[in-house]
$ cat run_8.cif   # mmCIF, C-alpha atoms
data_upload
#
loop_
_atom_site.label_atom_id
_atom_site.label_comp_id
_atom_site.auth_asym_id
_atom_site.auth_seq_id
_atom_site.Cartn_x
_atom_site.Cartn_y
_atom_site.Cartn_z
CA MET N 1 -3.95 2.45 -67.66
CA GLU N 2 -0.48 1.16 -67.10
CA PHE N 3 -0.17 -1.50 -64.45
CA SER N 4 2.60 0.44 -62.74
CA VAL N 5 0.38 3.53 -62.45
CA MET N 6 -2.33 1.41 -60.88
CA ILE N 7 0.13 -0.06 -58.40
CA GLY N 8 1.39 3.43 -57.65
CA LEU N 9 -2.10 4.68 -56.82
CA LEU N 10 -2.83 1.64 -54.68
CA LEU N 11 0.42 2.10 -52.77
CA GLU N 12 -0.45 5.76 -52.23
CA GLY N 13 -3.71 4.57 -50.73
CA THR N 14 -1.81 2.05 -48.64
CA GLY N 15 0.23 4.91 -47.20
CA ILE N 16 -2.96 6.65 -46.05
CA THR N 17 -4.30 3.35 -44.72
CA ALA N 18 -1.09 2.88 -42.73
CA LEU N 19 -1.37 6.46 -41.45
CA ILE N 20 -4.95 5.88 -40.24
CA PHE N 21 -3.80 2.61 -38.63
CA PHE N 22 -0.84 4.05 -36.74
CA VAL N 23 -2.47 7.33 -35.68
CA THR N 24 -5.52 5.44 -34.41
CA LEU N 25 -3.37 3.02 -32.40
CA ALA N 26 -1.12 5.77 -31.06
CA LEU N 27 -4.14 7.69 -29.77
CA SER N 28 -6.61 4.98 -28.81
CA LEU N 29 -4.20 2.79 -26.82
CA PRO N 30 -3.46 5.53 -24.22
CA VAL N 31 -6.90 7.17 -24.42
CA GLY N 32 -8.41 3.73 -23.86
CA MET N 33 -6.50 3.54 -20.56
CA LEU N 34 -8.04 6.86 -19.46
CA VAL N 35 -11.50 5.68 -20.50
CA CYS N 36 -10.85 2.48 -18.55
CA PHE N 37 -10.03 4.49 -15.42
CA GLY N 38 -13.23 6.47 -15.91
CA ARG N 39 -15.21 3.28 -16.42
CA MET N 40 -13.74 1.83 -13.20
CA SER N 41 -14.08 5.06 -11.17
CA LYS N 42 -15.53 4.83 -7.68
CA ASN N 43 -17.58 7.92 -8.49
CA ILE N 44 -20.88 6.66 -9.88
CA LEU N 45 -21.41 9.73 -12.06
CA VAL N 46 -17.99 9.43 -13.73
CA ARG N 47 -18.44 5.69 -14.09
CA SER N 48 -21.89 6.09 -15.69
CA VAL N 49 -20.69 8.72 -18.15
CA PHE N 50 -17.87 6.45 -19.38
CA LYS N 51 -20.10 3.40 -19.40
CA PHE N 52 -22.54 5.29 -21.62
CA TYR N 53 -19.72 6.47 -23.88
CA ILE N 54 -18.48 2.90 -24.31
CA SER N 55 -21.96 1.56 -24.99
CA VAL N 56 -22.60 4.18 -27.70
CA MET N 57 -19.22 3.57 -29.34
CA ARG N 58 -19.71 -0.18 -29.33
CA GLY N 59 -23.43 -0.05 -30.05
CA THR N 60 -23.39 1.99 -33.26
CA PRO N 61 -21.53 1.35 -36.53
CA LEU N 62 -18.12 2.95 -36.94
CA VAL N 63 -19.20 4.05 -40.46
CA LEU N 64 -22.05 6.00 -38.95
CA GLN N 65 -19.78 7.53 -36.31
CA LEU N 66 -17.39 8.72 -39.01
CA MET N 67 -20.29 10.36 -40.84
CA VAL N 68 -21.47 12.06 -37.65
CA PHE N 69 -18.00 13.37 -36.89
CA TYR N 70 -17.50 14.61 -40.43
CA PHE N 71 -20.94 16.06 -41.26
CA GLY N 72 -22.11 16.76 -37.69
CA PRO N 73 -20.54 20.24 -37.41
CA PHE N 74 -22.13 21.25 -40.74
CA TYR N 75 -25.64 20.13 -39.81
CA LEU N 76 -25.44 21.22 -36.19
CA PHE N 77 -23.55 24.51 -36.42
CA GLY N 78 -23.43 25.24 -40.14
CA MET N 79 -19.65 24.93 -40.04
CA GLN N 80 -17.96 24.90 -43.45
CA LEU N 81 -16.47 21.43 -44.08
CA SER N 82 -12.77 21.76 -44.82
CA ASP N 83 -10.10 19.24 -45.62
CA THR N 84 -8.56 19.92 -42.22
CA TRP N 85 -11.84 19.01 -40.60
CA LYS N 86 -12.01 15.85 -42.67
CA GLN N 87 -8.64 14.80 -41.23
CA MET N 88 -9.90 15.70 -37.77
CA ALA N 89 -13.07 13.67 -38.32
CA TRP N 90 -11.33 10.40 -39.09
CA ILE N 91 -8.82 10.89 -36.29
CA LEU N 92 -11.62 11.50 -33.78
CA GLY N 93 -13.89 8.81 -35.19
CA PHE N 94 -11.35 6.01 -35.29
CA SER N 95 -9.55 6.90 -32.06
CA LEU N 96 -12.64 7.40 -29.90
CA ASN N 97 -14.21 4.23 -31.26
CA TYR N 98 -11.13 2.09 -30.69
CA ALA N 99 -10.46 3.68 -27.29
CA ALA N 100 -13.81 2.31 -26.14
CA TYR N 101 -12.86 -1.23 -27.16
CA PHE N 102 -9.39 -0.96 -25.64
CA ALA N 103 -10.89 0.41 -22.42
CA GLU N 104 -12.97 -2.73 -22.04
CA ILE N 105 -10.01 -4.94 -22.86
CA TYR N 106 -7.90 -3.17 -20.22
CA ARG N 107 -10.73 -3.43 -17.68
CA GLY N 108 -10.91 -7.17 -18.27
CA GLY N 109 -7.15 -7.39 -17.76
CA ILE N 110 -7.15 -5.31 -14.59
CA GLU N 111 -10.09 -7.18 -13.10
CA SER N 112 -8.42 -10.52 -13.82
CA MET N 113 -5.47 -9.60 -11.60
CA PRO N 114 -5.45 -11.62 -8.37
CA GLN N 115 -6.26 -9.58 -5.25
CA GLY N 116 -3.11 -11.02 -3.66
CA GLN N 117 -0.90 -8.87 -5.90
CA TYR N 118 -2.52 -5.71 -4.52
CA GLU N 119 -2.29 -7.04 -0.98
CA ALA N 120 1.38 -7.96 -1.26
CA ALA N 121 2.13 -4.51 -2.68
CA LYS N 122 0.17 -2.83 0.09
CA ILE N 123 1.99 -4.76 2.84
CA LEU N 124 5.34 -3.87 1.25
CA GLY N 125 4.38 -0.21 1.38
CA TYR N 126 4.00 0.55 -2.33
CA SER N 127 1.89 3.65 -2.97
CA LYS N 128 -1.23 3.30 -5.09
CA SER N 129 0.50 4.67 -8.19
CA GLN N 130 3.61 2.53 -7.59
CA THR N 131 1.38 -0.52 -7.20
CA PHE N 132 -0.33 0.21 -10.50
CA MET N 133 2.74 1.20 -12.51
CA ARG N 134 5.19 -1.38 -11.12
CA ILE N 135 3.07 -4.39 -10.20
CA ILE N 136 -0.31 -4.33 -11.93
CA LEU N 137 0.18 -2.62 -15.31
CA PRO N 138 3.10 -4.76 -16.58
CA GLN N 139 1.12 -7.91 -15.88
CA VAL N 140 -2.06 -6.46 -17.38
CA ILE N 141 -0.23 -5.56 -20.60
CA LYS N 142 0.88 -9.15 -20.97
CA ARG N 143 -2.62 -10.45 -20.26
CA VAL N 144 -4.37 -8.17 -22.77
CA MET N 145 -1.85 -8.64 -25.56
CA PRO N 146 -3.81 -11.32 -27.49
CA SER N 147 -6.99 -9.18 -27.39
CA VAL N 148 -5.07 -6.07 -28.43
CA THR N 149 -3.61 -8.00 -31.37
CA ASN N 150 -7.13 -8.96 -32.38
CA GLU N 151 -8.28 -5.35 -32.32
CA ALA N 152 -5.23 -4.18 -34.23
CA ILE N 153 -5.94 -6.68 -37.00
CA THR N 154 -9.59 -5.62 -37.10
CA LEU N 155 -8.39 -2.02 -37.35
CA VAL N 156 -6.31 -2.78 -40.46
CA LYS N 157 -9.53 -3.71 -42.24
CA ASP N 158 -11.69 -1.05 -40.55
CA THR N 159 -9.50 1.69 -42.02
CA SER N 160 -11.38 1.00 -45.28
CA LEU N 161 -14.48 2.59 -43.71
CA ALA N 162 -12.75 5.94 -44.19
CA PHE N 163 -13.90 5.75 -47.81
CA THR N 164 -17.34 6.94 -46.62
CA ILE N 165 -15.88 10.36 -45.86
CA THR N 166 -13.82 10.27 -49.08
CA ILE N 167 -10.41 9.70 -47.59
CA ALA N 168 -8.11 8.44 -50.35
CA GLU N 169 -7.05 5.31 -48.53
CA LEU N 170 -6.49 1.90 -50.08
CA PHE N 171 -10.11 0.82 -50.47
CA THR N 172 -11.18 4.22 -51.87
CA GLN N 173 -8.41 3.97 -54.46
CA ALA N 174 -9.26 0.38 -55.34
CA LYS N 175 -12.92 1.25 -55.78
CA ALA N 176 -12.13 4.18 -58.06
CA LEU N 177 -9.67 2.13 -60.12
CA ALA N 178 -12.07 -0.80 -60.42
CA SER N 179 -14.85 1.33 -61.81
CA ARG N 180 -12.48 3.12 -64.21
CA GLU N 181 -10.90 -0.11 -65.44
CA ALA N 182 -14.16 -2.02 -65.24
CA ASN N 183 -12.44 -5.09 -63.78
CA MET N 184 -11.66 -6.79 -60.49
CA ILE N 185 -7.89 -6.51 -60.56
CA PRO N 186 -7.66 -3.42 -58.27
CA TYR N 187 -9.86 -5.17 -55.71
CA ALA N 188 -7.73 -8.31 -55.87
CA LEU N 189 -4.58 -6.27 -55.38
CA ALA N 190 -6.14 -4.33 -52.50
CA ALA N 191 -7.17 -7.58 -50.85
CA LEU N 192 -3.62 -8.85 -51.17
CA ILE N 193 -2.23 -5.65 -49.60
CA TYR N 194 -4.69 -5.78 -46.68
CA TYR N 195 -3.81 -9.42 -46.16
CA VAL N 196 -0.07 -8.76 -46.09
CA PHE N 197 -0.62 -5.79 -43.75
CA CYS N 198 -2.54 -8.04 -41.34
CA LEU N 199 0.13 -10.73 -41.57
CA LEU N 200 2.74 -8.14 -40.70
CA VAL N 201 0.74 -6.89 -37.70
CA ALA N 202 0.23 -10.45 -36.49
CA PHE N 203 3.93 -11.20 -36.92
CA ILE N 204 5.05 -8.12 -34.99
CA MET N 205 2.55 -8.70 -32.18
CA GLU N 206 3.68 -12.30 -31.93
CA ARG N 207 7.23 -11.06 -31.45
CA VAL N 208 6.06 -8.65 -28.76
CA GLU N 209 4.15 -11.43 -26.99
CA LYS N 210 7.21 -13.64 -27.16
CA LYS N 211 9.27 -10.89 -25.56
CA MET N 212 6.88 -10.93 -22.63
CA SER N 213 6.91 -14.69 -22.21
CA TYR N 214 9.88 -14.68 -19.85
CA TYR N 215 7.43 -15.11 -16.99
CA ARG N 216 4.05 -16.75 -16.43
CA MET T 1 8.33 -4.31 25.39
CA SER T 2 5.12 -4.83 23.49
CA LEU T 3 5.34 -4.31 19.74
CA LEU T 4 1.66 -4.80 19.05
CA GLU T 5 -1.42 -4.30 21.13
CA ILE T 6 -4.91 -5.10 19.96
CA HIS T 7 -7.86 -4.03 22.04
CA ASN T 8 -11.47 -5.15 21.66
CA LEU T 9 -11.28 -5.85 17.94
CA LYS T 10 -14.59 -6.51 16.21
CA LYS T 11 -15.30 -7.42 12.61
CA SER T 12 -18.42 -8.61 10.82
CA PHE T 13 -18.98 -9.64 7.22
CA ASP T 14 -22.57 -9.16 6.05
CA GLY T 15 -23.91 -9.37 9.58
CA LEU T 16 -21.82 -12.42 10.44
CA GLU T 17 -19.62 -11.70 13.44
CA VAL T 18 -16.19 -13.07 12.56
CA LEU T 19 -14.28 -11.37 15.35
CA ARG T 20 -16.32 -10.72 18.47
CA ASP T 21 -13.99 -9.09 20.94
CA ILE T 22 -10.32 -9.80 20.49
CA SER T 23 -7.56 -8.34 22.61
CA LEU T 24 -3.99 -9.48 22.50
CA GLN T 25 -0.45 -8.31 22.86
CA VAL T 26 2.76 -9.29 21.10
CA ASN T 27 6.03 -8.68 22.90
CA GLN T 28 9.45 -8.27 21.39
CA GLY T 29 11.05 -11.60 20.60
CA GLN T 30 7.82 -13.46 21.17
CA VAL T 31 6.51 -16.15 18.83
CA LEU T 32 2.75 -16.17 18.98
CA GLY T 33 0.92 -19.12 17.46
CA ILE T 34 -2.73 -18.72 16.53
CA ILE T 35 -4.67 -21.94 16.04
CA GLY T 36 -8.32 -22.84 15.70
CA PRO T 37 -10.86 -24.43 13.38
CA SER T 38 -11.57 -22.92 9.96
CA GLY T 39 -13.98 -20.04 10.23
CA SER T 40 -12.85 -19.26 13.76
CA GLY T 41 -11.59 -15.85 12.64
CA LYS T 42 -7.83 -16.36 12.83
CA SER T 43 -7.11 -15.24 9.28
CA THR T 44 -9.46 -12.28 9.65
CA LEU T 45 -7.64 -11.32 12.82
CA LEU T 46 -4.36 -11.37 10.93
CA ARG T 47 -5.82 -9.39 8.04
CA CYS T 48 -7.17 -6.76 10.41
CA ALA T 49 -3.86 -6.57 12.26
CA THR T 50 -2.00 -6.00 8.99
CA GLY T 51 -4.45 -3.47 7.60
CA LEU T 52 -5.80 -5.66 4.78
CA GLU T 53 -9.23 -5.48 6.43
CA THR T 54 -10.67 -2.54 8.32
CA PRO T 55 -12.04 -3.57 11.69
CA ASP T 56 -15.53 -2.39 12.72
CA ALA T 57 -14.36 -1.51 16.20
CA GLY T 58 -11.34 -1.75 18.43
CA GLU T 59 -7.83 -0.44 18.53
CA ILE T 60 -4.62 -1.66 16.95
CA ARG T 61 -1.39 -0.10 18.19
CA TYR T 62 2.01 -0.77 16.67
CA GLU T 63 5.50 -0.03 17.89
CA GLY T 64 7.46 -0.38 14.67
CA THR T 65 6.86 -2.05 11.35
CA PHE T 66 5.52 -5.40 10.23
CA GLY T 67 5.70 -7.79 7.31
CA LEU T 68 3.34 -10.51 6.16
CA VAL T 69 3.92 -13.89 4.57
CA PHE T 70 0.86 -15.01 2.63
CA GLN T 71 -0.60 -18.46 2.30
CA ASN T 72 -0.32 -18.18 -1.51
CA PHE T 73 3.07 -16.39 -1.51
CA ASN T 74 1.81 -13.58 -3.76
CA LEU T 75 5.20 -13.11 -5.33
CA PHE T 76 5.33 -10.74 -8.28
CA PRO T 77 5.50 -13.10 -11.29
CA HIS T 78 7.04 -10.52 -13.64
CA TYR T 79 9.97 -9.89 -11.30
CA SER T 80 12.97 -12.14 -10.88
CA VAL T 81 13.63 -13.58 -7.44
CA MET T 82 16.17 -10.83 -6.74
CA LYS T 83 13.85 -8.06 -7.89
CA ASN T 84 10.99 -9.47 -5.82
CA ILE T 85 13.18 -9.07 -2.75
CA THR T 86 14.96 -5.81 -3.56
CA ASP T 87 12.27 -3.73 -5.27
CA ALA T 88 10.37 -2.53 -2.20
CA PRO T 89 13.46 -1.73 -0.07
CA ILE T 90 14.84 0.31 -2.99
CA LYS T 91 11.66 1.91 -4.34
CA VAL T 92 9.61 2.21 -1.15
CA GLN T 93 12.18 2.56 1.62
CA LYS T 94 14.60 4.39 -0.73
CA ARG T 95 17.57 2.54 0.67
CA PRO T 96 20.85 2.43 -1.28
CA LYS T 97 20.93 -0.26 -3.96
CA GLU T 98 24.27 -1.82 -3.01
CA GLU T 99 23.25 -2.22 0.61
CA VAL T 100 19.89 -3.77 -0.34
CA TYR T 101 21.50 -6.16 -2.81
CA ALA T 102 24.11 -7.30 -0.28
CA GLU T 103 21.44 -7.88 2.36
CA SER T 104 19.17 -9.67 -0.09
CA ARG T 105 21.97 -12.01 -1.18
CA ALA T 106 22.57 -12.84 2.47
CA LEU T 107 18.86 -13.54 2.91
CA LEU T 108 18.82 -15.77 -0.16
CA ALA T 109 21.80 -17.68 1.20
CA LYS T 110 20.00 -18.11 4.48
CA MET T 111 16.99 -19.50 2.61
CA GLY T 112 19.30 -21.87 0.75
CA LEU T 113 18.34 -20.30 -2.58
CA SER T 114 21.48 -18.44 -3.63
CA ASP T 115 21.40 -20.10 -7.04
CA LYS T 116 17.87 -18.83 -7.75
CA GLU T 117 18.67 -15.12 -7.83
CA ASN T 118 17.77 -14.75 -11.51
CA ALA T 119 14.95 -17.28 -11.61
CA TYR T 120 11.32 -16.27 -12.01
CA PRO T 121 8.69 -17.42 -9.52
CA TYR T 122 7.02 -19.83 -11.97
CA GLN T 123 10.29 -21.75 -12.22
CA LEU T 124 10.31 -22.50 -8.50
CA SER T 125 8.53 -25.07 -6.35
CA GLY T 126 5.91 -23.91 -3.87
CA GLY T 127 8.34 -24.33 -1.00
CA GLN T 128 10.98 -22.28 -2.78
CA GLN T 129 8.44 -19.59 -3.63
CA GLN T 130 7.37 -19.39 -0.02
CA ARG T 131 10.99 -19.06 1.12
CA ILE T 132 11.44 -16.22 -1.37
CA SER T 133 8.35 -14.52 -0.02
CA ILE T 134 9.78 -14.83 3.50
CA ALA T 135 13.03 -13.29 2.26
CA ARG T 136 11.02 -10.51 0.57
CA ALA T 137 9.27 -9.75 3.86
CA LEU T 138 12.53 -9.87 5.85
CA ALA T 139 14.29 -7.53 3.41
CA MET T 140 12.05 -4.74 4.71
CA ASN T 141 13.52 -5.32 8.19
CA PRO T 142 10.15 -5.59 9.91
CA ASP T 143 9.85 -5.59 13.69
CA ILE T 144 7.10 -8.20 13.52
CA LEU T 145 6.59 -10.85 10.88
CA PHE T 146 3.10 -12.29 10.38
CA PHE T 147 2.50 -15.65 8.74
CA ASP T 148 -0.92 -16.51 7.34
CA GLU T 149 -0.98 -20.32 7.18
CA PRO T 150 2.38 -20.36 5.41
CA THR T 151 2.33 -24.07 4.63
CA SER T 152 -1.34 -24.57 3.71
CA ALA T 153 -0.78 -24.14 -0.05
CA LEU T 154 2.17 -26.53 -0.08
CA ASP T 155 2.44 -30.23 -0.75
CA PRO T 156 3.02 -32.06 2.54
CA GLU T 157 6.61 -32.94 1.63
CA LEU T 158 7.42 -29.23 1.19
CA THR T 159 6.07 -27.93 4.49
CA GLY T 160 9.20 -29.04 6.36
CA GLU T 161 11.49 -26.58 4.62
CA ILE T 162 9.22 -23.65 5.55
CA LEU T 163 8.85 -24.77 9.14
CA LYS T 164 12.63 -25.05 9.41
CA VAL T 165 13.06 -21.46 8.19
CA ILE T 166 10.54 -20.20 10.74
CA ARG T 167 12.22 -22.23 13.46
CA ASP T 168 15.58 -20.65 12.55
CA LEU T 169 14.01 -17.21 12.72
CA ALA T 170 12.58 -18.00 16.13
CA ALA T 171 16.06 -19.00 17.28
CA GLU T 172 17.21 -15.53 16.23
CA HIS T 173 14.44 -14.01 18.36
CA MET T 174 12.47 -12.67 15.45
CA THR T 175 9.08 -11.51 16.69
CA MET T 176 6.47 -13.54 14.85
CA VAL T 177 2.73 -14.14 14.75
CA ILE T 178 1.90 -17.40 13.03
CA VAL T 179 -1.56 -18.56 12.03
CA THR T 180 -1.16 -22.25 11.37
CA HIS T 181 -2.80 -25.64 11.08
CA GLU T 182 0.42 -27.40 11.98
CA MET T 183 -0.30 -28.29 15.61
CA ASN T 184 3.01 -29.94 16.38
CA PHE T 185 4.84 -27.04 14.86
CA ALA T 186 2.81 -24.47 16.82
CA ARG T 187 3.53 -26.37 19.98
CA ASN T 188 7.26 -26.56 19.29
CA VAL T 189 8.01 -23.11 17.96
CA ALA T 190 5.54 -20.80 19.71
CA ASP T 191 6.04 -19.55 23.23
CA HIS T 192 2.46 -18.34 23.43
CA ILE T 193 -0.57 -19.96 21.82
CA ILE T 194 -3.97 -18.46 21.16
CA PHE T 195 -6.81 -20.86 20.40
CA MET T 196 -9.60 -19.12 18.57
CA ASP T 197 -13.13 -20.39 18.25
CA LYS T 198 -16.19 -18.64 16.80
CA GLY T 199 -14.56 -15.25 16.79
CA VAL T 200 -13.23 -15.20 20.34
CA ILE T 201 -10.04 -16.30 22.06
CA ALA T 202 -11.28 -19.49 23.68
CA GLU T 203 -7.99 -20.40 25.32
CA GLN T 204 -4.49 -19.01 25.53
CA GLY T 205 -1.24 -19.54 27.32
CA THR T 206 2.01 -21.46 26.93
CA PRO T 207 1.87 -24.47 24.58
CA GLU T 208 1.80 -26.78 27.63
CA GLU T 209 -1.14 -24.92 29.11
CA VAL T 210 -3.14 -24.75 25.90
CA PHE T 211 -2.50 -28.26 24.64
CA GLY T 212 -3.15 -29.65 28.10
CA SER T 213 -6.29 -27.59 28.52
CA SER T 214 -9.54 -29.09 29.69
CA ASN T 215 -11.46 -26.67 27.47
CA GLU T 216 -14.04 -28.82 25.66
CA ARG T 217 -13.75 -27.01 22.29
CA MET T 218 -9.99 -27.21 22.48
CA LYS T 219 -10.07 -30.93 23.17
CA GLU T 220 -12.57 -31.51 20.38
CA PHE T 221 -10.41 -29.47 17.99
CA LEU T 222 -7.23 -31.34 18.89
CA GLY T 223 -9.09 -34.61 18.62
CA LYS T 224 -9.79 -33.84 14.95
CA PHE T 225 -6.09 -33.61 14.38
CA GLY T 226 -5.62 -37.01 15.98
CA GLU T 227 -3.45 -35.58 18.70
CA ASN T 228 -3.24 -35.98 22.42
CA ALA T 229 -1.70 -33.49 24.79
#
$ encode --input "run_8.cif" --output "structure tokens"
Amino acid sequence: MEFSVMIGLLLEGTGITALIFFVTLALSLPVGMLVCFGRMSKNILVRSVFKFYISVMRGTPLVLQLMVFYFGPFYLFGMQLSDTWKQMAWILGFSLNYAAYFAEIYRGGIESMPQGQYEAAKILGYSKSQTFMRIILPQVIKRVMPSVTNEAITLVKDTSLAFTITIAELFTQAKALASREANMIPYALAALIYYVFCLLVAFIMERVEKKMSYYR
Amino acid sequence: MSLLEIHNLKKSFDGLEVLRDISLQVNQGQVLGIIGPSGSGKSTLLRCATGLETPDAGEIRYEGTFGLVFQNFNLFPHYSVMKNITDAPIKVQKRPKEEVYAESRALLAKMGLSDKENAYPYQLSGGQQQRISIARALAMNPDILFFDEPTSALDPELTGEILKVIRDLAAEHMTMVIVTHEMNFARNVADHIIFMDKGVIAEQGTPEEVFGSSNERMKEFLGKFGENA
């Protein structure tokens, strides 16, 4: 096979990898905030439900979750597995899994906020939602940024787990090419692409963190 | 005219009675100093009066609004000095921006911090931060201003600037309730002193009356500060 064809296939895979990465972040970052609210709810029932959800998501392998999301409907309801459902399965699997981790990161950030910030806001007459949106959240975002960066970098590599449900992302492509060519070059190239992707994520997040360093 | 009346206030934490039966009144233009040993309940009294704690029993009646200056300033670190002062008047009181900005600049000038408008709290000394927090409270135009040990978190050489600000406010007849450890200051600036001990008001009156009191606890307390009446 021509080298350029190989590169082309790997880059196609990289496109899918990037898609999984961005869709997962776009969904799990906000959903994680909702899960966090549920986890911190004053209602014990709500709190327990979300606590259980988080413990299952963190306590079982993401690979297994992807399989359950993809094959579950077939085994449970005899639903015909379609390509649309395959797309749905990875979106649900990745987003719900990462939302659980982000929820715990947010909770850590919120709980680290000094009580005095809430008290000052209360005395000044801010409503509960104003207090959260104007005073607490901006500071929490800054505090959780390093942990979010960590998760984002982990996600770059976790996208490769999509190969288990035959999504044609970078790792799936590399694996196929390696067995066809019977050499390691596709793997080496894939590794290089993942590495550069992670470097890029780290670089961008560093810029974002720097932007927020105007206060302490 | 009384701006604040507290009747028979009681508060316990885990069965420990912190406030046993507190009644007091704050009149317009009055500067009330609250002194007493640590654990006597003075901070809890202030926190109940400002709604940060819910009392177990008793009645708190306000005529008008109040502000609070915290021991640890509690400025918003992500807001500039100006935004710390102007945000609540604009977003909470919905007052016009221009008016709030003009007033806030005047307050900053009064605090001697006109050049710090665009600074962030972490760039300021403790004394400067506390003056900003006083300006932030004043920008809401409160009828009463509470101070919770406003100099306790400051280095000794910085307490003077805060005490001067409070003294200036007293000269303008700002109604204030000040919980403090600064005995000389309480004596000089307050026109009514409450001495709290073990959750009750053990002694109260004019500074002369309280500091000259024959109350044993009061004398013991003042003795610890190395002071004589």
$ resolve_selection --input "run_8.cif" --expression "the PyMOL selection byres ((chain T and resi 105-116) around 8)" --output "PyMOL selection string"
chain T and resi 81+101-104+117-119+128+131-132+135+138-139+165
$ resolve_selection --input "run_8.cif" --expression "the PyMOL selection byres ((chain N) within 10 of (chain T))" --output "list in words"
Pro114, Gln115, Gly116, Gln117, Tyr118, Glu119, Ala120, Ala121, Lys122, Ile123, Leu124, Gly125, Tyr126, Ser127, Gln130, Arg134, Ile135, Ile136, Pro138, Gln139, Lys142, Met212, Ser213, Tyr214, Tyr215 and Arg216 of chain N
$ resolve_selection --input "run_8.cif" --expression "the PyMOL selection byres ((chain N and resi 11) around 12)" --output "PyMOL selection string"
chain N and resi 4-10+12-18+168-174+186+189-190+192-194
$ write_last_selection --input "run_8.cif" --atoms "C-alpha atoms" --output "tab-separated table (two decimals), in the coordinates of the input"
chain	number	residue	atom	x	y	z
N	4	SER	CA	2.60	0.44	-62.74
N	5	VAL	CA	0.38	3.53	-62.45
N	6	MET	CA	-2.33	1.41	-60.88
N	7	ILE	CA	0.13	-0.06	-58.40
N	8	GLY	CA	1.39	3.43	-57.65
N	9	LEU	CA	-2.10	4.68	-56.82
N	10	LEU	CA	-2.83	1.64	-54.68
N	12	GLU	CA	-0.45	5.76	-52.23
N	13	GLY	CA	-3.71	4.57	-50.73
N	14	THR	CA	-1.81	2.05	-48.64
N	15	GLY	CA	0.23	4.91	-47.20
N	16	ILE	CA	-2.96	6.65	-46.05
N	17	THR	CA	-4.30	3.35	-44.72
N	18	ALA	CA	-1.09	2.88	-42.73
N	168	ALA	CA	-8.11	8.44	-50.35
N	169	GLU	CA	-7.05	5.31	-48.53
N	170	LEU	CA	-6.49	1.90	-50.08
N	171	PHE	CA	-10.11	0.82	-50.47
N	172	THR	CA	-11.18	4.22	-51.87
N	173	GLN	CA	-8.41	3.97	-54.46
N	174	ALA	CA	-9.26	0.38	-55.34
N	186	PRO	CA	-7.66	-3.42	-58.27
N	189	LEU	CA	-4.58	-6.27	-55.38
N	190	ALA	CA	-6.14	-4.33	-52.50
N	192	LEU	CA	-3.62	-8.85	-51.17
N	193	ILE	CA	-2.23	-5.65	-49.60
N	194	TYR	CA	-4.69	-5.78	-46.68
$ closest_residue --input "run_8.cif" --among "N:Ile153, N:Met1, N:Leu96, N:Ile91" --to "Tyr195 (chain N)" --atoms "only C-alpha atoms"
N:Ile153
$ atom_distance --input "run_8.cif" --atom1 "CA of Gly64 (chain T)" --atom2 "CA of Phe132 (chain N)"
26.4 Å
